[in-house]
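The file query14.cif comes next; it holds mmCIF, C-alpha atoms and all ligand atoms.
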data_structure
#
loop_
_atom_site.label_atom_id
_atom_site.label_comp_id
_atom_site.auth_asym_id
_atom_site.auth_seq_id
_atom_site.Cartn_x
_atom_site.Cartn_y
_atom_site.Cartn_z
CA MET H 25 -113.05 -30.76 -129.05
CA ALA H 26 -112.00 -30.64 -125.41
CA ALA H 27 -113.31 -33.46 -123.27
CA THR H 28 -115.50 -32.75 -120.24
CA VAL H 29 -114.40 -34.42 -117.02
CA LEU H 30 -116.64 -34.83 -114.00
CA VAL H 31 -114.36 -34.72 -110.96
CA ALA H 32 -116.27 -36.29 -108.08
CA GLY H 33 -114.63 -35.10 -104.87
CA GLY H 34 -112.99 -32.31 -106.85
CA LEU H 35 -112.52 -29.98 -103.88
CA GLY H 36 -110.64 -32.55 -101.80
CA TYR H 37 -106.88 -32.86 -101.50
CA ILE H 38 -106.10 -34.89 -104.62
CA GLY H 39 -109.27 -33.87 -106.48
CA SER H 40 -108.49 -30.14 -106.30
CA HIS H 41 -104.94 -30.59 -107.59
CA THR H 42 -106.27 -32.80 -110.38
CA SER H 43 -108.92 -30.22 -111.34
CA VAL H 44 -106.15 -27.63 -111.73
CA GLU H 45 -103.99 -29.90 -113.89
CA LEU H 46 -106.99 -30.85 -116.05
CA ILE H 47 -107.90 -27.19 -116.66
CA LYS H 48 -104.25 -26.46 -117.50
CA LYS H 49 -104.53 -29.12 -120.20
CA ASP H 50 -107.76 -27.55 -121.53
CA PHE H 51 -110.21 -30.13 -120.25
CA ASN H 52 -113.64 -28.78 -119.24
CA VAL H 53 -114.03 -29.56 -115.56
CA ILE H 54 -117.23 -30.13 -113.59
CA VAL H 55 -116.69 -30.54 -109.85
CA ALA H 56 -119.10 -32.50 -107.65
CA ASP H 57 -118.39 -32.45 -103.93
CA ASN H 58 -120.51 -32.64 -100.76
CA LEU H 59 -117.95 -30.64 -98.72
CA SER H 60 -117.80 -33.41 -96.10
CA ASN H 61 -114.00 -33.35 -96.07
CA SER H 62 -113.25 -30.27 -98.14
CA GLU H 63 -113.79 -26.52 -98.14
CA PHE H 64 -115.83 -24.42 -100.55
CA PHE H 65 -113.09 -21.75 -100.82
CA ILE H 66 -110.97 -24.28 -102.72
CA LEU H 67 -113.24 -23.68 -105.74
CA GLU H 68 -112.09 -20.05 -105.80
CA ARG H 69 -108.49 -21.16 -105.34
CA ILE H 70 -108.82 -23.34 -108.44
CA GLU H 71 -110.03 -20.25 -110.28
CA GLN H 72 -107.19 -18.12 -108.85
CA ILE H 73 -104.61 -20.61 -110.11
CA THR H 74 -106.12 -21.38 -113.51
CA GLY H 75 -108.32 -18.39 -114.37
CA VAL H 76 -111.23 -20.80 -114.82
CA LYS H 77 -114.01 -21.50 -112.32
CA PRO H 78 -115.30 -25.03 -112.78
CA ILE H 79 -119.03 -25.72 -112.78
CA PHE H 80 -119.80 -26.85 -109.25
CA PHE H 81 -122.44 -29.22 -107.84
CA ASN H 82 -122.83 -29.59 -104.09
CA VAL H 83 -123.90 -33.22 -104.33
CA ASP H 84 -123.51 -36.27 -102.16
CA LEU H 85 -122.89 -39.15 -104.55
CA THR H 86 -124.80 -41.51 -102.32
CA ASP H 87 -127.84 -39.50 -103.48
CA LYS H 88 -128.51 -41.07 -106.85
CA ILE H 89 -131.25 -38.67 -107.95
CA LYS H 90 -129.02 -35.62 -107.43
CA THR H 91 -126.05 -37.38 -109.01
CA ALA H 92 -128.14 -38.21 -112.08
CA GLU H 93 -129.04 -34.51 -112.44
CA ILE H 94 -125.40 -33.66 -113.14
CA PHE H 95 -125.40 -36.04 -116.10
CA SER H 96 -128.75 -34.78 -117.37
CA GLN H 97 -127.57 -31.16 -117.27
CA HIS H 98 -124.11 -31.65 -118.82
CA PRO H 99 -122.56 -33.99 -121.32
CA VAL H 100 -119.70 -35.84 -119.61
CA ASP H 101 -116.89 -37.72 -121.33
CA VAL H 102 -114.85 -39.03 -118.40
CA VAL H 103 -115.55 -39.40 -114.67
CA ILE H 104 -112.80 -39.31 -112.05
CA HIS H 105 -114.08 -40.66 -108.77
CA PHE H 106 -112.24 -39.26 -105.72
CA ALA H 107 -115.27 -38.92 -103.48
CA ALA H 108 -114.57 -41.38 -100.68
CA TYR H 109 -113.74 -41.40 -96.99
CA LYS H 110 -110.05 -42.04 -96.43
CA SER H 111 -109.11 -42.37 -92.78
CA VAL H 112 -107.73 -45.84 -92.09
CA SER H 113 -108.19 -45.51 -88.31
CA GLU H 114 -111.73 -44.11 -88.52
CA SER H 115 -112.68 -46.95 -90.86
CA VAL H 116 -111.60 -49.51 -88.27
CA LYS H 117 -113.91 -47.88 -85.70
CA GLU H 118 -116.78 -47.11 -88.09
CA PRO H 119 -116.63 -49.74 -90.85
CA LEU H 120 -120.29 -49.39 -91.86
CA LYS H 121 -119.83 -45.69 -92.60
CA TYR H 122 -116.99 -46.60 -94.97
CA PHE H 123 -118.77 -49.48 -96.70
CA HIS H 124 -121.91 -47.37 -97.13
CA ASN H 125 -120.26 -44.22 -98.43
CA ASN H 126 -117.38 -45.58 -100.48
CA LEU H 127 -119.29 -48.39 -102.14
CA SER H 128 -122.69 -46.80 -102.68
CA SER H 129 -121.13 -43.66 -104.17
CA LEU H 130 -119.16 -45.82 -106.61
CA ILE H 131 -122.19 -47.93 -107.58
CA ASN H 132 -124.43 -44.85 -107.92
CA ILE H 133 -122.04 -42.99 -110.14
CA ILE H 134 -121.59 -46.01 -112.39
CA GLU H 135 -125.37 -46.48 -112.65
CA CYS H 136 -125.71 -42.81 -113.61
CA MET H 137 -122.88 -43.20 -116.12
CA LYS H 138 -124.61 -46.22 -117.63
CA ASP H 139 -127.93 -44.35 -117.94
CA ALA H 140 -126.17 -41.36 -119.53
CA LYS H 141 -124.06 -43.60 -121.80
CA VAL H 142 -120.78 -42.41 -120.28
CA SER H 143 -118.27 -45.24 -120.35
CA LYS H 144 -114.95 -43.89 -119.03
CA LEU H 145 -114.07 -43.97 -115.34
CA ILE H 146 -110.89 -43.32 -113.37
CA PHE H 147 -110.92 -44.78 -109.88
CA SER H 148 -108.88 -43.62 -106.86
CA SER H 149 -107.33 -46.78 -105.59
CA SER H 150 -104.54 -47.15 -103.08
CA ALA H 151 -101.43 -49.12 -102.25
CA THR H 152 -103.49 -50.27 -99.29
CA VAL H 153 -104.90 -53.01 -101.59
CA TYR H 154 -101.54 -54.80 -101.28
CA GLY H 155 -101.74 -54.99 -97.44
CA GLN H 156 -98.34 -56.09 -96.14
CA PRO H 157 -96.75 -57.23 -99.41
CA GLU H 158 -94.47 -60.27 -99.40
CA LYS H 159 -92.30 -59.08 -102.29
CA LEU H 160 -90.93 -55.60 -102.94
CA PRO H 161 -91.23 -53.39 -104.84
CA VAL H 162 -94.90 -54.11 -105.45
CA THR H 163 -96.00 -54.49 -109.05
CA GLU H 164 -99.57 -54.27 -110.26
CA SER H 165 -99.72 -58.07 -110.32
CA THR H 166 -98.66 -58.45 -106.67
CA PRO H 167 -101.63 -60.29 -105.12
CA PHE H 168 -103.95 -58.47 -102.72
CA GLN H 169 -103.46 -59.42 -99.06
CA LYS H 170 -106.33 -59.44 -96.61
CA ALA H 171 -107.28 -55.80 -96.04
CA LEU H 172 -106.35 -54.51 -92.59
CA SER H 173 -109.10 -51.89 -92.46
CA ALA H 174 -112.59 -51.26 -93.83
CA TYR H 175 -111.02 -48.43 -95.87
CA GLY H 176 -108.68 -50.98 -97.48
CA SER H 177 -111.61 -53.36 -98.09
CA THR H 178 -113.53 -50.62 -99.93
CA LYS H 179 -110.57 -50.03 -102.25
CA GLN H 180 -110.19 -53.77 -102.94
CA MET H 181 -113.95 -54.15 -103.46
CA GLY H 182 -114.02 -51.04 -105.65
CA GLU H 183 -111.42 -52.57 -107.93
CA GLU H 184 -113.30 -55.87 -107.97
CA ILE H 185 -116.53 -54.10 -108.92
CA LEU H 186 -114.70 -52.45 -111.82
CA GLU H 187 -113.19 -55.76 -112.91
CA LYS H 188 -116.64 -57.34 -113.18
CA LEU H 189 -118.29 -54.33 -114.85
CA THR H 190 -115.53 -53.90 -117.41
CA ALA H 191 -115.65 -57.64 -118.18
CA ALA H 192 -119.38 -57.22 -118.85
CA GLY H 193 -118.63 -54.35 -121.22
CA ILE H 194 -120.44 -51.75 -119.08
CA ILE H 195 -117.53 -49.34 -118.62
CA ASN H 196 -113.84 -48.78 -119.34
CA ALA H 197 -111.87 -48.12 -116.17
CA VAL H 198 -108.42 -47.09 -115.04
CA SER H 199 -107.57 -47.61 -111.37
CA LEU H 200 -104.65 -45.61 -110.02
CA ARG H 201 -103.08 -47.11 -106.91
CA TYR H 202 -101.63 -44.21 -104.97
CA PHE H 203 -98.72 -44.78 -102.64
CA ASN H 204 -98.26 -41.96 -100.06
CA PRO H 205 -99.60 -38.67 -101.51
CA VAL H 206 -97.95 -35.61 -99.91
CA GLY H 207 -97.01 -32.01 -100.74
CA ALA H 208 -99.13 -29.10 -101.86
CA HIS H 209 -99.59 -26.81 -104.84
CA GLY H 210 -96.53 -24.61 -105.46
CA SER H 211 -98.69 -21.48 -105.13
CA ALA H 212 -99.55 -22.46 -101.53
CA LEU H 213 -103.20 -21.85 -102.47
CA MET H 214 -104.18 -25.51 -102.11
CA GLY H 215 -103.02 -28.45 -100.03
CA GLU H 216 -104.18 -31.05 -97.56
CA LEU H 217 -106.68 -29.89 -94.92
CA PRO H 218 -106.90 -32.71 -92.38
CA ILE H 219 -109.80 -32.58 -89.92
CA GLY H 220 -108.65 -32.63 -86.27
CA ILE H 221 -105.38 -34.25 -85.26
CA PRO H 222 -103.83 -35.82 -88.35
CA ASN H 223 -102.99 -39.51 -88.58
CA ASN H 224 -100.62 -39.22 -91.50
CA LEU H 225 -96.94 -38.42 -91.20
CA PHE H 226 -96.67 -35.31 -93.39
CA PRO H 227 -99.43 -33.19 -91.84
CA TYR H 228 -98.27 -34.31 -88.39
CA VAL H 229 -94.70 -33.22 -89.13
CA MET H 230 -95.84 -29.87 -90.57
CA GLN H 231 -98.18 -29.07 -87.69
CA THR H 232 -95.52 -30.03 -85.13
CA GLY H 233 -92.92 -27.92 -86.91
CA ALA H 234 -95.31 -24.95 -86.96
CA GLY H 235 -96.08 -25.32 -83.25
CA GLY H 236 -99.70 -26.48 -83.58
CA LEU H 237 -98.83 -29.90 -82.18
CA GLU H 238 -96.29 -30.51 -79.46
CA GLN H 239 -94.36 -33.55 -80.53
CA LEU H 240 -94.23 -36.14 -83.31
CA THR H 241 -93.97 -39.79 -82.33
CA VAL H 242 -91.95 -41.95 -84.70
CA TYR H 243 -93.83 -45.23 -84.70
CA GLY H 244 -90.98 -47.66 -84.12
CA ASN H 245 -87.22 -47.63 -84.81
CA ASP H 246 -86.72 -51.39 -84.50
CA TYR H 247 -87.91 -52.45 -87.96
CA ASP H 248 -85.61 -54.39 -90.25
CA THR H 249 -84.75 -51.28 -92.28
CA PRO H 250 -81.48 -49.28 -92.57
CA ASP H 251 -82.36 -46.82 -89.75
CA GLY H 252 -85.03 -48.95 -88.05
CA SER H 253 -87.99 -46.72 -89.06
CA CYS H 254 -90.61 -47.62 -91.70
CA LEU H 255 -90.05 -46.99 -95.41
CA ARG H 256 -92.74 -45.53 -97.68
CA ASP H 257 -93.02 -44.26 -101.23
CA TYR H 258 -94.00 -40.57 -100.94
CA ILE H 259 -95.45 -39.05 -104.09
CA HIS H 260 -96.02 -35.32 -104.72
CA VAL H 261 -99.72 -34.56 -105.12
CA VAL H 262 -99.06 -32.50 -108.28
CA ASP H 263 -97.30 -35.46 -109.91
CA LEU H 264 -100.20 -37.65 -108.81
CA ALA H 265 -102.69 -35.16 -110.30
CA LYS H 266 -100.80 -35.29 -113.61
CA ALA H 267 -101.16 -39.09 -113.65
CA HIS H 268 -104.95 -38.56 -113.67
CA VAL H 269 -104.68 -36.18 -116.61
CA MET H 270 -102.71 -38.81 -118.53
CA ALA H 271 -105.26 -41.48 -117.63
CA CYS H 272 -108.03 -39.15 -118.88
CA ASP H 273 -106.22 -38.62 -122.17
CA ARG H 274 -105.72 -42.33 -122.48
CA LEU H 275 -109.40 -43.15 -122.02
CA PHE H 276 -110.69 -40.20 -124.04
CA GLN H 277 -108.44 -41.05 -126.98
CA GLN H 278 -109.26 -44.76 -126.56
CA LYS H 279 -105.59 -45.64 -126.15
CA ASN H 280 -106.29 -48.07 -123.30
CA GLU H 281 -105.11 -51.60 -124.08
CA THR H 282 -107.82 -53.33 -122.03
CA SER H 283 -111.10 -52.18 -120.57
CA CYS H 284 -109.72 -52.45 -117.02
CA GLU H 285 -106.26 -51.03 -116.45
CA VAL H 286 -104.38 -50.58 -113.19
CA PHE H 287 -101.29 -48.48 -112.49
CA ASN H 288 -99.13 -47.97 -109.42
CA ILE H 289 -98.49 -44.28 -108.87
CA GLY H 290 -95.43 -43.59 -106.75
CA THR H 291 -91.80 -42.60 -107.20
CA GLY H 292 -90.46 -46.11 -106.71
CA LYS H 293 -88.09 -44.73 -104.02
CA PRO H 294 -88.45 -45.81 -100.41
CA THR H 295 -87.87 -43.12 -97.74
CA SER H 296 -87.78 -43.66 -93.97
CA VAL H 297 -89.63 -41.67 -91.30
CA LEU H 298 -86.30 -40.52 -89.82
CA GLU H 299 -85.13 -39.35 -93.26
CA ILE H 300 -88.32 -37.29 -93.62
CA ILE H 301 -87.52 -35.59 -90.32
CA LYS H 302 -83.94 -34.83 -91.48
CA VAL H 303 -85.09 -33.43 -94.82
CA PHE H 304 -87.79 -31.38 -93.08
CA GLU H 305 -85.20 -29.83 -90.74
CA ARG H 306 -82.79 -29.11 -93.61
CA CYS H 307 -85.43 -27.60 -95.91
CA THR H 308 -87.19 -25.46 -93.30
CA GLY H 309 -84.44 -24.67 -90.80
CA VAL H 310 -86.89 -25.72 -88.06
CA LYS H 311 -85.84 -28.26 -85.44
CA LEU H 312 -88.58 -30.87 -85.09
CA ASN H 313 -89.61 -32.02 -81.63
CA TYR H 314 -89.96 -35.79 -81.89
CA LYS H 315 -89.61 -38.96 -79.87
CA ILE H 316 -89.33 -42.62 -80.73
CA GLY H 317 -92.45 -44.54 -79.74
CA ASP H 318 -93.89 -48.02 -80.16
CA ARG H 319 -94.81 -49.48 -83.52
CA ARG H 320 -98.29 -48.53 -84.78
CA GLU H 321 -100.58 -51.52 -85.18
CA GLY H 322 -101.11 -52.51 -88.80
CA ASP H 323 -98.06 -50.69 -90.21
CA ALA H 324 -95.99 -52.56 -92.79
CA ALA H 325 -92.22 -52.10 -92.41
CA VAL H 326 -91.64 -51.29 -96.07
CA VAL H 327 -93.97 -50.39 -98.95
CA TYR H 328 -92.81 -48.96 -102.26
CA ALA H 329 -93.93 -49.18 -105.84
CA ASP H 330 -92.59 -50.72 -108.98
CA ILE H 331 -93.52 -47.93 -111.37
CA THR H 332 -92.32 -49.52 -114.61
CA LYS H 333 -95.87 -49.94 -115.93
CA ALA H 334 -96.89 -46.33 -115.24
CA ASN H 335 -93.66 -45.13 -116.89
CA LYS H 336 -93.85 -47.36 -119.97
CA VAL H 337 -97.54 -47.87 -120.61
CA LEU H 338 -99.16 -44.72 -119.20
CA GLY H 339 -96.14 -42.59 -120.15
CA TRP H 340 -96.15 -40.93 -116.71
CA LYS H 341 -93.16 -40.31 -114.47
CA ALA H 342 -92.88 -38.57 -111.09
CA GLU H 343 -90.83 -35.38 -111.46
CA LEU H 344 -90.86 -33.72 -108.05
CA GLU H 345 -88.31 -34.74 -105.40
CA LEU H 346 -88.68 -35.10 -101.66
CA ASP H 347 -87.32 -31.57 -101.01
CA GLU H 348 -90.15 -30.18 -103.13
CA MET H 349 -92.72 -32.29 -101.26
CA ILE H 350 -91.49 -30.94 -97.92
CA LYS H 351 -91.08 -27.32 -99.04
CA SER H 352 -94.53 -27.10 -100.65
CA SER H 353 -96.20 -28.74 -97.61
CA TRP H 354 -94.42 -26.31 -95.33
CA LYS H 355 -95.38 -23.26 -97.38
CA TRP H 356 -99.00 -24.44 -97.36
CA GLU H 357 -98.95 -25.10 -93.61
CA LEU H 358 -97.65 -21.57 -92.95
CA SER H 359 -100.24 -20.02 -95.26
CA VAL H 360 -103.10 -21.93 -93.56
CA ARG H 361 -101.84 -20.67 -90.17
CA GLN H 362 -101.74 -17.06 -91.35
CA SER H 363 -105.29 -17.07 -92.70
N1 LIG P 1 -95.78 -42.31 -88.88
C1 LIG P 1 -95.13 -41.96 -87.72
N2 LIG P 1 -95.72 -41.05 -86.91
C2 LIG P 1 -96.93 -40.48 -87.18
C3 LIG P 1 -97.59 -40.84 -88.38
C4 LIG P 1 -97.00 -41.77 -89.20
O1 LIG P 1 -94.03 -42.45 -87.44
O2 LIG P 1 -97.41 -39.67 -86.37
C5 LIG P 1 -95.16 -43.27 -89.79
C6 LIG P 1 -95.97 -44.53 -90.01
O3 LIG P 1 -95.63 -45.49 -89.03
C7 LIG P 1 -95.55 -44.93 -91.42
C8 LIG P 1 -95.23 -43.61 -92.10
O4 LIG P 1 -95.06 -42.66 -91.06
O5 LIG P 1 -94.38 -45.67 -91.35
C9 LIG P 1 -96.34 -43.15 -93.02
O6 LIG P 1 -97.56 -43.15 -92.30
P1 LIG P 1 -98.87 -42.48 -92.88
O7 LIG P 1 -99.92 -42.63 -91.81
O8 LIG P 1 -98.58 -41.11 -93.35
O9 LIG P 1 -99.21 -43.35 -94.15
P2 LIG P 1 -99.46 -44.93 -94.28
O10 LIG P 1 -98.33 -45.47 -95.08
O11 LIG P 1 -99.78 -45.57 -93.02
O12 LIG P 1 -100.83 -44.89 -95.08
C10 LIG P 1 -100.89 -44.41 -96.38
C11 LIG P 1 -102.20 -43.68 -96.65
C12 LIG P 1 -103.35 -44.62 -96.57
C13 LIG P 1 -103.13 -45.83 -97.43
C14 LIG P 1 -101.80 -46.45 -97.12
C15 LIG P 1 -101.54 -47.54 -98.12
O13 LIG P 1 -102.38 -42.65 -95.72
O14 LIG P 1 -104.51 -43.96 -97.05
O15 LIG P 1 -100.76 -45.49 -97.24
O16 LIG P 1 -100.29 -48.04 -98.07
F1 LIG P 1 -104.08 -46.74 -97.21
#
This entry written out as structure tokens:
Amino acid sequence: MAATVLVAGGLGYIGSHTSVELIKKDFNVIVADNLSNSEFFILERIEQITGVKPIFFNVDLTDKIKTAEIFSQHPVDVVIHFAAYKSVSESVKEPLKYFHNNLSSLINIIECMKDAKVSKLIFSSSATVYGQPEKLPVTESTPFQKALSAYGSTKQMGEEILEKLTAAGIINAVSLRYFNPVGAHGSALMGELPIGIPNNLFPYVMQTGAGGLEQLTVYGNDYDTPDGSCLRDYIHVVDLAKAHVMACDRLFQQKNETSCEVFNIGTGKPTSVLEIIKVFERCTGVKLNYKIGDRREGDAAVVYADITKANKVLGWKAELELDEMIKSSWKWELSVRQS
């Protein structure tokens, strides 16, 4: 029988793409989302793409009573927890908001899982847990560095909470450490919807290219890298979504080797900011207005993943190349502007 997956934050950027990939693999999907950083129309887009409208709960996971109602109304096999705030810069200014939301939602959902005897959880972690790594590429055993933001702290603490709970036999967990998620669904029906002026490179590039923003600033060209700009490991959101489906399968079929598993999810290929600009211009035919500016505080020069464990143990591999990341983001940006 098909497993039922509760996707908390299932209308957000990564959650919506994951809901689609789960439905494509015949999982029953229940979406819980409080629409704080997502749009209700994405639920219809999921249906447009898959032909299936997931059951939807407009629930804030910090509300334990409402969260518990989901479990009392539906049997759940696996929970994927995406529902967290994710702006690094906002978290530096408003750390309490991040600690409250990201940690209480995680604790609440696990308490509800425990009461409902649901034991399988997939946690959205991030490469941010590594801080500025000393050795590259980063493997899953690379030690955590001191978090540079409250957002980073909540991801480190989230993983630590799971470590302790799995050791106590309360749940089985898989944490996926995302590198830099980018791109959009090939249909251009779903993609990232940043609120206000984006902080991240991809939406900034797209909005500048489309004329919504005037100019991109490249944060530093004096790093010790081949072209002087920072290197990151950009991963297509559809590939990332598929990693969640594989993690679900793994937990549902009890193929996990330990009760607390961690995987890096990236391509393993570093790409510079200036290369992104070049590929954007080649793929879209649009000349990007950009300037070189100062370094951004807190940026590491180079971060990219060792993905051996995800390849060998999880059986997952990124398939979509940088051109596809740029083209799908661009198509999405243009469709958002037309609507
Ligand atoms: N950059 C620019 N100009 C911009 C925006 C970004 O040059 O306007 C550069 C940054 O300096 C960096 C690269 O583009 O070198 C990528 O920056 P992003 O802000 O897109 O992503 P980060 O690598 O800073 O952060 C990402 C996620 C975080 C996560 C972090 C973990 O957005 O959620 O990776 O490594 F915490």
Sorted by chain and rising residue number, list the residues of chain H at most 8 Å from ligand LIG 1 (chain P) (counting only C-alpha atoms and all ligand atoms), each with its closest atom pair and distance in Å to one decimal, as CSV.
residue,atom,partner,partner_atom,distance
H:Lys110,CA,P:LIG1,O14,5.9
H:Ser111,CA,P:LIG1,O14,6.5
H:Val112,CA,P:LIG1,O14,6.2
H:Ser150,CA,P:LIG1,C15,5.8
H:Ala151,CA,P:LIG1,C15,4.4
H:Thr152,CA,P:LIG1,C15,3.6
H:Val153,CA,P:LIG1,C15,7.3
H:Tyr154,CA,P:LIG1,O16,7.6
H:Gly155,CA,P:LIG1,O16,7.1
H:Tyr175,CA,P:LIG1,F1,7.3
H:Gly176,CA,P:LIG1,F1,6.3
H:Tyr202,CA,P:LIG1,C15,7.6
H:Phe203,CA,P:LIG1,O15,5.8
H:Asn204,CA,P:LIG1,C10,5.1
H:Pro205,CA,P:LIG1,C11,7.4
H:Pro222,CA,P:LIG1,O2,7.7
H:Asn223,CA,P:LIG1,O7,5.4
H:Asn224,CA,P:LIG1,O8,3.3
H:Leu225,CA,P:LIG1,C3,3.8
H:Phe226,CA,P:LIG1,O8,6.1
H:Tyr228,CA,P:LIG1,O2,5.8
H:Val229,CA,P:LIG1,O2,7.5
H:Leu240,CA,P:LIG1,O2,5.7
H:Thr241,CA,P:LIG1,N2,5.1
H:Val242,CA,P:LIG1,O1,3.5
H:Tyr243,CA,P:LIG1,O1,3.9
H:Gly244,CA,P:LIG1,O1,6.9
H:Ser253,CA,P:LIG1,O5,6.9
H:Cys254,CA,P:LIG1,O5,4.3
H:Leu255,CA,P:LIG1,O5,6.1
H:Arg256,CA,P:LIG1,O10,6.2
H:Ser296,CA,P:LIG1,O5,7.4
H:Val297,CA,P:LIG1,O4,5.5
H:Arg319,CA,P:LIG1,O3,6.9
H:Arg320,CA,P:LIG1,O3,5.9
H:Asp323,CA,P:LIG1,O3,5.9
H:Ala324,CA,P:LIG1,O5,7.2
H:Ala325,CA,P:LIG1,O5,6.9
H:Val326,CA,P:LIG1,O5,7.8
H:Val327,CA,P:LIG1,O16,6.8
### Query
Near Ser352 in chain H, counting all atoms listed in the file, which residues have an atom at most 12 Å away, once you skip same-chain residues fewer than 2 positions from it, shown as an MDAnalysis selection string?
chainID H and resid 206:216 226:227 230 260:262 304 307:308 344:350 354:359
#### Entry: Top pick for closest residue to Glu135 in chain H, considering H:Asp87, H:Asp101, H:Glu71, H:Glu299 and counting all atoms listed in the file
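Looking only at the distances to Glu135 in chain H, the closest residue turns out to be H:Asp87.
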### Task
Might you pull out every residue within 12 Å of range 162-172 of chain H, with only C-alpha atoms counted and same-chain residues fewer than 6 positions away left off, and present them as JSON, numbers by chain?
{"H": [112, 113, 115, 116, 119, 149, 150, 151, 152, 153, 154, 155, 156, 178, 179, 180, 181, 183, 184, 199, 200, 201, 202, 203, 256, 257, 285, 286, 287, 288, 289, 290, 292, 293, 294, 321, 322, 323, 324, 326, 327, 328, 329, 330, 331, 332, 333, 334]}
### Message
The residues within 12 Å of (-105.4, -45.0, -114.8), using only C-alpha atoms and the coordinates of the file, should be reported as a PyMOL selection string; which are they?
### Response
chain H and resi 102-105+144-150+164+183+196-202+264-276+279-289+333-335+337-340
Write the residues of the selection above to a file with C-alpha atoms, as a PDB file, in the frame of the given file.
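Done, and the output landed in selection-v9.pdb:
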ATOM      1  CA  VAL H 102    -114.850 -39.030-118.400  1.00  0.00           C
ATOM      2  CA  VAL H 103    -115.550 -39.400-114.670  1.00  0.00           C
ATOM      3  CA  ILE H 104    -112.800 -39.310-112.050  1.00  0.00           C
ATOM      4  CA  HIS H 105    -114.080 -40.660-108.770  1.00  0.00           C
ATOM      5  CA  LYS H 144    -114.950 -43.890-119.030  1.00  0.00           C
ATOM      6  CA  LEU H 145    -114.070 -43.970-115.340  1.00  0.00           C
ATOM      7  CA  ILE H 146    -110.890 -43.320-113.370  1.00  0.00           C
ATOM      8  CA  PHE H 147    -110.920 -44.780-109.880  1.00  0.00           C
ATOM      9  CA  SER H 148    -108.880 -43.620-106.860  1.00  0.00           C
ATOM     10  CA  SER H 149    -107.330 -46.780-105.590  1.00  0.00           C
ATOM     11  CA  SER H 150    -104.540 -47.150-103.080  1.00  0.00           C
ATOM     12  CA  GLU H 164     -99.570 -54.270-110.260  1.00  0.00           C
ATOM     13  CA  GLU H 183    -111.420 -52.570-107.930  1.00  0.00           C
ATOM     14  CA  ASN H 196    -113.840 -48.780-119.340  1.00  0.00           C
ATOM     15  CA  ALA H 197    -111.870 -48.120-116.170  1.00  0.00           C
ATOM     16  CA  VAL H 198    -108.420 -47.090-115.040  1.00  0.00           C
ATOM     17  CA  SER H 199    -107.570 -47.610-111.370  1.00  0.00           C
ATOM     18  CA  LEU H 200    -104.650 -45.610-110.020  1.00  0.00           C
ATOM     19  CA  ARG H 201    -103.080 -47.110-106.910  1.00  0.00           C
ATOM     20  CA  TYR H 202    -101.630 -44.210-104.970  1.00  0.00           C
ATOM     21  CA  LEU H 264    -100.200 -37.650-108.810  1.00  0.00           C
ATOM     22  CA  ALA H 265    -102.690 -35.160-110.300  1.00  0.00           C
ATOM     23  CA  LYS H 266    -100.800 -35.290-113.610  1.00  0.00           C
ATOM     24  CA  ALA H 267    -101.160 -39.090-113.650  1.00  0.00           C
ATOM     25  CA  HIS H 268    -104.950 -38.560-113.670  1.00  0.00           C
ATOM     26  CA  VAL H 269    -104.680 -36.180-116.610  1.00  0.00           C
ATOM     27  CA  MET H 270    -102.710 -38.810-118.530  1.00  0.00           C
ATOM     28  CA  ALA H 271    -105.260 -41.480-117.630  1.00  0.00           C
ATOM     29  CA  CYS H 272    -108.030 -39.150-118.880  1.00  0.00           C
ATOM     30  CA  ASP H 273    -106.220 -38.620-122.170  1.00  0.00           C
ATOM     31  CA  ARG H 274    -105.720 -42.330-122.480  1.00  0.00           C
ATOM     32  CA  LEU H 275    -109.400 -43.150-122.020  1.00  0.00           C
ATOM     33  CA  PHE H 276    -110.690 -40.200-124.040  1.00  0.00           C
ATOM     34  CA  LYS H 279    -105.590 -45.640-126.150  1.00  0.00           C
ATOM     35  CA  ASN H 280    -106.290 -48.070-123.300  1.00  0.00           C
ATOM     36  CA  GLU H 281    -105.110 -51.600-124.080  1.00  0.00           C
ATOM     37  CA  THR H 282    -107.820 -53.330-122.030  1.00  0.00           C
ATOM     38  CA  SER H 283    -111.100 -52.180-120.570  1.00  0.00           C
ATOM     39  CA  CYS H 284    -109.720 -52.450-117.020  1.00  0.00           C
ATOM     40  CA  GLU H 285    -106.260 -51.030-116.450  1.00  0.00           C
ATOM     41  CA  VAL H 286    -104.380 -50.580-113.190  1.00  0.00           C
ATOM     42  CA  PHE H 287    -101.290 -48.480-112.490  1.00  0.00           C
ATOM     43  CA  ASN H 288     -99.130 -47.970-109.420  1.00  0.00           C
ATOM     44  CA  ILE H 289     -98.490 -44.280-108.870  1.00  0.00           C
ATOM     45  CA  LYS H 333     -95.870 -49.940-115.930  1.00  0.00           C
ATOM     46  CA  ALA H 334     -96.890 -46.330-115.240  1.00  0.00           C
ATOM     47  CA  ASN H 335     -93.660 -45.130-116.890  1.00  0.00           C
ATOM     48  CA  VAL H 337     -97.540 -47.870-120.610  1.00  0.00           C
ATOM     49  CA  LEU H 338     -99.160 -44.720-119.200  1.00  0.00           C
ATOM     50  CA  GLY H 339     -96.140 -42.590-120.150  1.00  0.00           C
ATOM     51  CA  TRP H 340     -96.150 -40.930-116.710  1.00  0.00           C
TER      52      TRP H 340
END
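The spacing separating CA of Val55 in chain H from CA of Pro99 in chain H amounts to 13.3 Å.
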### Task
Take CA of Ala26 in chain H and CA of Phe51 in chain H and report the distance between them in Å, one decimal.
5.5 Å
### Task
Between CA of Gly309 in chain H and CA of Glu343 in chain H, measure the distance and give it in Å to one decimal.
24.1 Å
### Within 10 Å of range 72-83 of chain H using only C-alpha atoms, minus same-chain residues under 6 positions, as number ranges by chain
H: 30-35, 43-48, 52-59, 64, 66, 89-91, 93-94, 98, 209, 211, 213-214
